[in-house]
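**Q** I'm passing along upload.txt; it holds compact mmCIF, N, CA and C atoms.
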# COMPACT_ATOMS: atom_id res chain seq x y z
N ALA A 1 79.00 -3.39 29.10
CA ALA A 1 78.40 -2.98 30.36
C ALA A 1 78.72 -4.02 31.44
N HIS A 2 79.11 -3.54 32.57
CA HIS A 2 79.46 -4.40 33.69
C HIS A 2 78.18 -5.04 34.25
N PRO A 3 78.26 -6.33 34.64
CA PRO A 3 77.05 -7.01 35.15
C PRO A 3 76.38 -6.31 36.32
N GLU A 4 77.14 -5.74 37.24
CA GLU A 4 76.53 -5.06 38.38
C GLU A 4 75.76 -3.81 37.93
N VAL A 5 76.28 -3.14 36.92
CA VAL A 5 75.58 -1.98 36.37
C VAL A 5 74.29 -2.43 35.68
N LEU A 6 74.37 -3.54 34.96
CA LEU A 6 73.17 -4.07 34.29
C LEU A 6 72.11 -4.50 35.31
N LYS A 7 72.54 -5.11 36.40
CA LYS A 7 71.59 -5.51 37.45
C LYS A 7 70.90 -4.28 38.04
N LEU A 8 71.65 -3.22 38.25
CA LEU A 8 71.08 -1.98 38.76
C LEU A 8 70.09 -1.40 37.75
N ARG A 9 70.47 -1.41 36.48
CA ARG A 9 69.56 -0.91 35.44
C ARG A 9 68.29 -1.75 35.40
N TYR A 10 68.42 -3.08 35.53
CA TYR A 10 67.24 -3.93 35.55
C TYR A 10 66.33 -3.51 36.71
N SER A 11 66.92 -3.32 37.88
CA SER A 11 66.13 -2.93 39.05
C SER A 11 65.39 -1.62 38.83
N ILE A 12 66.03 -0.68 38.19
CA ILE A 12 65.40 0.61 37.92
C ILE A 12 64.24 0.43 36.94
N TYR A 13 64.48 -0.30 35.85
CA TYR A 13 63.42 -0.51 34.86
C TYR A 13 62.25 -1.30 35.44
N SER A 14 62.55 -2.31 36.26
CA SER A 14 61.45 -3.09 36.82
C SER A 14 60.66 -2.27 37.84
N ALA A 15 61.34 -1.47 38.64
CA ALA A 15 60.66 -0.62 39.62
C ALA A 15 59.75 0.39 38.94
N SER A 16 60.16 0.84 37.76
CA SER A 16 59.34 1.81 37.02
C SER A 16 58.43 1.12 36.01
N LYS A 17 58.38 -0.21 36.08
CA LYS A 17 57.49 -1.02 35.24
C LYS A 17 57.73 -0.81 33.74
N LYS A 18 58.97 -0.59 33.40
CA LYS A 18 59.37 -0.49 31.99
C LYS A 18 59.88 -1.87 31.57
N TRP A 19 58.92 -2.77 31.37
CA TRP A 19 59.24 -4.18 31.22
C TRP A 19 59.96 -4.51 29.92
N ASP A 20 59.72 -3.75 28.85
CA ASP A 20 60.45 -3.99 27.60
C ASP A 20 61.95 -3.77 27.82
N MET A 21 62.28 -2.68 28.49
CA MET A 21 63.69 -2.38 28.76
C MET A 21 64.27 -3.38 29.77
N ALA A 22 63.47 -3.73 30.77
CA ALA A 22 63.93 -4.71 31.76
C ALA A 22 64.23 -6.04 31.07
N LEU A 23 63.38 -6.43 30.14
CA LEU A 23 63.59 -7.68 29.40
C LEU A 23 64.90 -7.64 28.62
N GLU A 24 65.15 -6.54 27.98
CA GLU A 24 66.38 -6.39 27.20
C GLU A 24 67.62 -6.53 28.10
N ILE A 25 67.59 -5.88 29.24
CA ILE A 25 68.72 -5.94 30.17
C ILE A 25 68.88 -7.35 30.73
N ALA A 26 67.76 -7.98 31.13
CA ALA A 26 67.83 -9.33 31.69
C ALA A 26 68.36 -10.32 30.66
N ASN A 27 67.92 -10.19 29.41
CA ASN A 27 68.45 -11.06 28.35
C ASN A 27 69.95 -10.88 28.18
N CYS A 28 70.39 -9.65 28.23
CA CYS A 28 71.82 -9.36 28.12
C CYS A 28 72.59 -10.02 29.26
N LEU A 29 72.08 -9.90 30.47
CA LEU A 29 72.72 -10.53 31.62
C LEU A 29 72.72 -12.06 31.49
N HIS A 30 71.64 -12.61 31.00
CA HIS A 30 71.54 -14.06 30.84
C HIS A 30 72.59 -14.56 29.84
N ARG A 31 72.78 -13.83 28.76
CA ARG A 31 73.81 -14.21 27.77
C ARG A 31 75.22 -14.00 28.32
N GLN A 32 75.40 -12.91 29.04
CA GLN A 32 76.72 -12.54 29.55
C GLN A 32 77.17 -13.46 30.69
N LEU A 33 76.23 -13.85 31.56
CA LEU A 33 76.54 -14.66 32.74
C LEU A 33 75.59 -15.87 32.81
N PRO A 34 75.77 -16.85 31.94
CA PRO A 34 74.83 -17.98 31.90
C PRO A 34 74.84 -18.83 33.17
N ASP A 35 75.89 -18.74 33.98
CA ASP A 35 75.95 -19.52 35.20
C ASP A 35 75.41 -18.78 36.42
N ASP A 36 74.89 -17.58 36.21
CA ASP A 36 74.26 -16.78 37.27
C ASP A 36 72.76 -16.77 36.97
N GLN A 37 71.96 -17.17 37.91
CA GLN A 37 70.52 -17.28 37.67
C GLN A 37 69.82 -15.93 37.49
N PHE A 38 70.43 -14.85 37.90
CA PHE A 38 69.78 -13.54 37.89
C PHE A 38 69.20 -13.21 36.51
N GLY A 39 70.01 -13.28 35.48
CA GLY A 39 69.55 -12.92 34.14
C GLY A 39 68.40 -13.77 33.66
N GLY A 40 68.49 -15.08 33.87
CA GLY A 40 67.43 -15.97 33.43
C GLY A 40 66.14 -15.77 34.21
N VAL A 41 66.25 -15.70 35.52
CA VAL A 41 65.06 -15.51 36.35
C VAL A 41 64.36 -14.21 35.98
N HIS A 42 65.13 -13.16 35.79
CA HIS A 42 64.52 -11.86 35.51
C HIS A 42 64.07 -11.71 34.06
N THR A 43 64.65 -12.50 33.16
CA THR A 43 64.10 -12.55 31.80
C THR A 43 62.68 -13.10 31.87
N ALA A 44 62.51 -14.19 32.61
CA ALA A 44 61.18 -14.79 32.75
C ALA A 44 60.21 -13.84 33.45
N VAL A 45 60.66 -13.16 34.48
CA VAL A 45 59.80 -12.20 35.19
C VAL A 45 59.34 -11.10 34.23
N ALA A 46 60.26 -10.56 33.46
CA ALA A 46 59.89 -9.50 32.52
C ALA A 46 58.91 -10.02 31.47
N LEU A 47 59.13 -11.23 30.97
CA LEU A 47 58.18 -11.82 30.02
C LEU A 47 56.80 -11.91 30.65
N TYR A 48 56.76 -12.38 31.89
CA TYR A 48 55.48 -12.51 32.60
C TYR A 48 54.80 -11.16 32.75
N ARG A 49 55.55 -10.16 33.17
CA ARG A 49 54.97 -8.83 33.38
C ARG A 49 54.51 -8.19 32.06
N LEU A 50 55.07 -8.66 30.96
CA LEU A 50 54.62 -8.20 29.64
C LEU A 50 53.41 -8.98 29.14
N GLY A 51 52.90 -9.89 29.98
CA GLY A 51 51.73 -10.68 29.59
C GLY A 51 52.07 -11.90 28.77
N ARG A 52 53.32 -12.28 28.77
CA ARG A 52 53.79 -13.42 27.99
C ARG A 52 54.07 -14.60 28.94
N THR A 53 53.02 -15.01 29.65
CA THR A 53 53.15 -15.99 30.72
C THR A 53 53.63 -17.34 30.21
N ARG A 54 53.11 -17.81 29.10
CA ARG A 54 53.55 -19.10 28.55
C ARG A 54 55.05 -19.07 28.24
N GLU A 55 55.53 -17.98 27.66
CA GLU A 55 56.96 -17.84 27.38
C GLU A 55 57.78 -17.82 28.67
N ALA A 56 57.26 -17.12 29.67
CA ALA A 56 57.95 -17.06 30.96
C ALA A 56 58.06 -18.46 31.55
N LYS A 57 56.98 -19.22 31.47
CA LYS A 57 57.00 -20.59 31.99
C LYS A 57 58.00 -21.44 31.22
N ASP A 58 57.93 -21.41 29.88
CA ASP A 58 58.83 -22.22 29.07
C ASP A 58 60.29 -21.86 29.32
N PHE A 59 60.56 -20.58 29.44
CA PHE A 59 61.93 -20.12 29.71
C PHE A 59 62.40 -20.65 31.06
N SER A 60 61.53 -20.58 32.06
CA SER A 60 61.88 -21.04 33.40
C SER A 60 62.04 -22.56 33.46
N LEU A 61 61.24 -23.27 32.70
CA LEU A 61 61.38 -24.74 32.65
C LEU A 61 62.75 -25.14 32.12
N ALA A 62 63.25 -24.39 31.14
CA ALA A 62 64.59 -24.67 30.61
C ALA A 62 65.67 -24.29 31.61
N LEU A 63 65.38 -23.31 32.44
CA LEU A 63 66.34 -22.82 33.42
C LEU A 63 66.44 -23.73 34.66
N ALA A 64 65.32 -24.31 35.04
CA ALA A 64 65.24 -25.07 36.31
C ALA A 64 66.32 -26.14 36.47
N PRO A 65 66.59 -26.98 35.48
CA PRO A 65 67.61 -28.02 35.69
C PRO A 65 69.03 -27.46 35.90
N ARG A 66 69.28 -26.26 35.42
CA ARG A 66 70.61 -25.66 35.55
C ARG A 66 70.85 -25.09 36.95
N PHE A 67 69.76 -24.84 37.70
CA PHE A 67 69.88 -24.25 39.03
C PHE A 67 69.01 -25.04 40.01
N PRO A 68 69.36 -26.29 40.27
CA PRO A 68 68.50 -27.16 41.09
C PRO A 68 68.38 -26.73 42.56
N LYS A 69 69.25 -25.87 43.03
CA LYS A 69 69.19 -25.44 44.43
C LYS A 69 68.48 -24.10 44.60
N SER A 70 67.98 -23.56 43.51
CA SER A 70 67.28 -22.28 43.56
C SER A 70 65.81 -22.50 43.88
N TRP A 71 65.34 -21.89 44.94
CA TRP A 71 63.92 -21.97 45.29
C TRP A 71 63.10 -21.00 44.44
N LEU A 72 63.74 -19.95 43.94
CA LEU A 72 63.03 -18.91 43.22
C LEU A 72 62.48 -19.40 41.88
N ILE A 73 63.21 -20.25 41.21
CA ILE A 73 62.74 -20.74 39.91
C ILE A 73 61.48 -21.59 40.07
N PRO A 74 61.45 -22.59 40.95
CA PRO A 74 60.19 -23.31 41.12
C PRO A 74 59.06 -22.44 41.69
N TYR A 75 59.41 -21.48 42.52
CA TYR A 75 58.38 -20.57 43.03
C TYR A 75 57.74 -19.80 41.87
N ASN A 76 58.58 -19.23 41.02
CA ASN A 76 58.05 -18.49 39.88
C ASN A 76 57.28 -19.41 38.94
N LEU A 77 57.75 -20.63 38.76
CA LEU A 77 57.01 -21.59 37.94
C LEU A 77 55.64 -21.88 38.53
N ALA A 78 55.55 -21.94 39.85
CA ALA A 78 54.24 -22.12 40.50
C ALA A 78 53.33 -20.95 40.17
N CYS A 79 53.87 -19.75 40.19
CA CYS A 79 53.08 -18.55 39.86
C CYS A 79 52.62 -18.59 38.40
N TYR A 80 53.54 -18.89 37.49
CA TYR A 80 53.19 -18.91 36.08
C TYR A 80 52.13 -19.97 35.80
N CYS A 81 52.31 -21.16 36.37
CA CYS A 81 51.34 -22.24 36.17
C CYS A 81 49.98 -21.86 36.75
N ALA A 82 49.99 -21.25 37.92
CA ALA A 82 48.72 -20.82 38.54
C ALA A 82 48.00 -19.84 37.63
N GLN A 83 48.74 -18.91 37.08
CA GLN A 83 48.13 -17.91 36.20
C GLN A 83 47.64 -18.52 34.88
N LEU A 84 48.25 -19.62 34.48
CA LEU A 84 47.82 -20.31 33.26
C LEU A 84 46.69 -21.31 33.53
N GLY A 85 46.30 -21.43 34.80
CA GLY A 85 45.23 -22.37 35.15
C GLY A 85 45.70 -23.80 35.29
N GLU A 86 46.99 -24.00 35.36
CA GLU A 86 47.58 -25.33 35.49
C GLU A 86 47.84 -25.60 36.97
N ILE A 87 46.74 -25.83 37.69
CA ILE A 87 46.78 -25.84 39.15
C ILE A 87 47.59 -27.01 39.70
N GLU A 88 47.43 -28.20 39.15
CA GLU A 88 48.20 -29.34 39.67
C GLU A 88 49.69 -29.13 39.48
N GLU A 89 50.08 -28.61 38.33
CA GLU A 89 51.51 -28.34 38.10
C GLU A 89 51.99 -27.21 39.01
N ALA A 90 51.14 -26.21 39.21
CA ALA A 90 51.50 -25.12 40.13
C ALA A 90 51.75 -25.66 41.52
N GLN A 91 50.90 -26.57 41.95
CA GLN A 91 51.05 -27.17 43.28
C GLN A 91 52.38 -27.92 43.39
N GLU A 92 52.74 -28.66 42.36
CA GLU A 92 54.01 -29.40 42.38
C GLU A 92 55.21 -28.46 42.44
N TRP A 93 55.16 -27.38 41.67
CA TRP A 93 56.27 -26.44 41.70
C TRP A 93 56.35 -25.71 43.04
N PHE A 94 55.19 -25.39 43.61
CA PHE A 94 55.19 -24.74 44.92
C PHE A 94 55.79 -25.67 45.98
N LYS A 95 55.42 -26.93 45.94
CA LYS A 95 55.99 -27.90 46.88
C LYS A 95 57.50 -28.02 46.69
N ALA A 96 57.96 -27.98 45.43
CA ALA A 96 59.40 -28.06 45.15
C ALA A 96 60.12 -26.85 45.74
N ALA A 97 59.53 -25.68 45.61
CA ALA A 97 60.12 -24.47 46.19
C ALA A 97 60.14 -24.56 47.71
N MET A 98 59.05 -25.05 48.30
CA MET A 98 58.99 -25.21 49.76
C MET A 98 60.06 -26.16 50.26
N ALA A 99 60.33 -27.21 49.50
CA ALA A 99 61.34 -28.18 49.90
C ALA A 99 62.74 -27.56 49.94
N LEU A 100 62.94 -26.51 49.18
CA LEU A 100 64.25 -25.86 49.12
C LEU A 100 64.41 -24.73 50.15
N GLU A 101 63.32 -24.02 50.42
CA GLU A 101 63.41 -22.85 51.31
C GLU A 101 62.03 -22.56 51.92
N GLU A 102 61.63 -23.41 52.84
CA GLU A 102 60.26 -23.39 53.34
C GLU A 102 59.83 -22.06 53.93
N ASP A 103 60.62 -21.47 54.80
CA ASP A 103 60.20 -20.26 55.49
C ASP A 103 59.95 -19.10 54.53
N ILE A 104 60.88 -18.85 53.63
CA ILE A 104 60.74 -17.75 52.68
C ILE A 104 59.55 -17.99 51.75
N VAL A 105 59.46 -19.20 51.22
CA VAL A 105 58.40 -19.52 50.27
C VAL A 105 57.03 -19.43 50.93
N ARG A 106 56.93 -19.90 52.14
CA ARG A 106 55.65 -19.83 52.86
C ARG A 106 55.23 -18.37 53.06
N ARG A 107 56.18 -17.53 53.51
CA ARG A 107 55.87 -16.12 53.74
C ARG A 107 55.47 -15.40 52.45
N MET A 108 56.20 -15.65 51.40
CA MET A 108 55.90 -14.99 50.13
C MET A 108 54.60 -15.51 49.52
N GLY A 109 54.42 -16.81 49.60
CA GLY A 109 53.30 -17.44 48.91
C GLY A 109 51.94 -17.11 49.46
N ILE A 110 51.85 -16.90 50.75
CA ILE A 110 50.55 -16.66 51.39
C ILE A 110 49.85 -15.44 50.79
N ASP A 111 50.60 -14.38 50.55
CA ASP A 111 49.99 -13.13 50.09
C ASP A 111 50.27 -12.80 48.63
N ASP A 112 50.85 -13.72 47.88
CA ASP A 112 51.21 -13.44 46.49
C ASP A 112 49.97 -13.56 45.60
N PRO A 113 49.53 -12.45 45.01
CA PRO A 113 48.34 -12.52 44.16
C PRO A 113 48.53 -13.41 42.93
N ASP A 114 49.77 -13.62 42.52
CA ASP A 114 50.02 -14.49 41.38
C ASP A 114 49.69 -15.94 41.70
N LEU A 115 49.64 -16.29 42.98
CA LEU A 115 49.32 -17.65 43.39
C LEU A 115 47.85 -17.83 43.77
N GLU A 116 47.07 -16.77 43.70
CA GLU A 116 45.66 -16.85 44.10
C GLU A 116 44.90 -17.99 43.40
N PRO A 117 45.09 -18.20 42.10
CA PRO A 117 44.39 -19.34 41.47
C PRO A 117 44.77 -20.69 42.09
N LEU A 118 46.00 -20.80 42.57
CA LEU A 118 46.43 -22.03 43.23
C LEU A 118 45.65 -22.21 44.53
N TRP A 119 45.58 -21.16 45.33
CA TRP A 119 44.86 -21.26 46.61
C TRP A 119 43.38 -21.53 46.36
N GLN A 120 42.80 -20.88 45.36
CA GLN A 120 41.39 -21.12 45.04
C GLN A 120 41.17 -22.57 44.62
N GLY A 121 42.08 -23.09 43.81
CA GLY A 121 41.95 -24.46 43.33
C GLY A 121 42.16 -25.50 44.41
N MET A 122 42.82 -25.11 45.50
CA MET A 122 43.12 -26.07 46.56
C MET A 122 42.24 -25.85 47.79
N ARG A 123 41.31 -24.96 47.71
CA ARG A 123 40.48 -24.60 48.86
C ARG A 123 39.83 -25.81 49.53
N ASP A 124 39.36 -26.77 48.73
CA ASP A 124 38.64 -27.92 49.27
C ASP A 124 39.53 -29.16 49.43
N THR A 125 40.83 -28.96 49.44
CA THR A 125 41.74 -30.10 49.60
C THR A 125 42.29 -30.13 51.01
N THR A 126 43.15 -31.07 51.26
CA THR A 126 43.76 -31.18 52.58
C THR A 126 44.97 -30.27 52.73
N TRP A 127 45.33 -29.55 51.66
CA TRP A 127 46.46 -28.64 51.70
C TRP A 127 46.22 -27.56 52.75
N LYS A 128 47.24 -27.26 53.50
CA LYS A 128 47.13 -26.22 54.53
C LYS A 128 48.06 -25.08 54.18
N ARG A 129 47.51 -23.91 53.93
CA ARG A 129 48.34 -22.74 53.59
C ARG A 129 49.22 -22.33 54.74
N GLY A 130 48.70 -22.25 55.91
CA GLY A 130 49.48 -21.72 57.02
C GLY A 130 50.07 -22.78 57.92
N GLY A 131 49.78 -24.05 57.65
CA GLY A 131 50.19 -25.09 58.56
C GLY A 131 51.51 -25.61 58.33
If you took the structure in this file and wrote it as C-alpha cells, what would it be?
**A**
Amino acid sequence: AHPEVLKLRYSIYSASKKWDMALEIANCLHRQLPDDQFGGVHTAVALYRLGRTREAKDFSLALAPRFPKSWLIPYNLACYCAQLGEIEEAQEWFKAAMALEEDIVRRMGIDDPDLEPLWQGMRDTTWKRGG
C-alpha cells in the first residue's frame, strides 16, 4: 500500500472513530516510513483514543528525540501527561511545544479538553493561559 493511500485510510478511520483500524494503519506507516513522524504520532493518538494513554505516552517519549523540531509530539505528550495526572510533566511538555510553535500551540491548547487537567492544576500559579 502506498503511504499516501495509507494516510488517507488513517484519516477515514480516525474521522469515523474506528481506532483499532486507525492504529493498524498508523503502525504500518510508522514501520514503512520511520523517518516521517506521521505514522508514529498517529500510532500514539490511536492508542490514546483506545484508552491506552500510558502506552501513547511511552510511544511518544521514544519518538520525541527522533523529531526534535516537531511541536506536535511535545504537545501530545502534554495532553497524555495531563490525562495521566502528571501535571508538572504536562507543563514541561506544553512549554516545549510552545517554544517550537507558539501561535499554533497557544490556539490549540486553550480549548483542548485533553489539557483541562493541566489548566486546573495551574489555576493558582503565575502561568498565564492567554498571556
**Q** Which residue out of A:Gly39, A:Phe59, A:Ala78, A:Asp103 has the minimum interatomic distance to Glu4 in chain A when only C-alpha atoms are used?
**A**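 For Glu4 in chain A, the nearest of the given residues is A:Gly39.
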**Q** Determine the nearest neighbour of Leu50 in chain A from the options A:Trp19, A:Gln83, A:Tyr10, A:Met122, counting all atoms listed in the file.
**A**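 Looking only at the distances to Leu50 in chain A, the closest residue turns out to be A:Trp19.
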**Q** How many Å separate atom N of Ser16 in chain A from atom C of His42 in chain A?
**A** 13.7 Å
**Q** Please determine, counting only N, CA and C atoms, which residue among A:Thr53, A:Cys28, A:Asp35, A:Cys81 has the shortest atom-to-atom distance to Arg66 in chain A.
**A**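 Result for the nearest residue to Arg66 in chain A: A:Asp35.
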**Q** How would you write, as a ChimeraX atom specification, the set of residues in chain A that DSSP gives as helix (DSSP H, G or I)?
**A** /A:3-15,19-32,37-49,53-66,72-83,87-100,102-111,113-121
**Q** Tell me, in Å to one decimal, how far CA of Pro117 in chain A is from atom N of Gly85 in chain A.
**A**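 It comes out at 7.2 Å.
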**Q** Which polymer residues, whether protein, DNA or RNA, lie within 9 Å of the coordinate (45.3, -20.5, 39.0) when you count only C-alpha atoms? List them as a ChimeraX atom specification, using the chain letters and numbers from the file.
**A** /A:79-87,90,114-121
**Q** Mind giving me the straight-line distance from CA of Arg9 in chain A to CA of Leu29 in chain A in Å, one decimal?
**A** 10.8 Å
**Q** Would you mind telling me which residue in A:Glu89, A:Phe38, A:Ala97, A:Arg31 lies nearest to Ser70 in chain A when using all atoms listed in the file?
**A**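 With all atoms listed in the file as the atom set, the closest residue is A:Ala97.
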**Q** If you take every atom of range 16-24 of chain A that the file lists and fit an axis-aligned box around them with 6 Å extra on each side, what centre and edge lengths come out in Å to one decimal, as AutoDock Vina command-line options?
**A**
--center_x 62.6 --center_y -2.9 --center_z 32.5 --size_x 22.1 --size_y 21.5 --size_z 22.6
**Q** For a quick check of understanding, using only C-alpha atoms, which of A:Leu6, A:Ala96, A:Met21, A:Leu33 has the smallest distance to Ala64 in chain A?
**A**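 Closest residue, counting only C-alpha atoms: A:Ala96.
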**Q** For Val5 in chain A, which of A:Arg52, A:Val45, A:Ala26, A:Lys57 is the closest residue, counting only C-alpha atoms?
**A**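 Smallest separation from Val5 in chain A among the options: A:Ala26.
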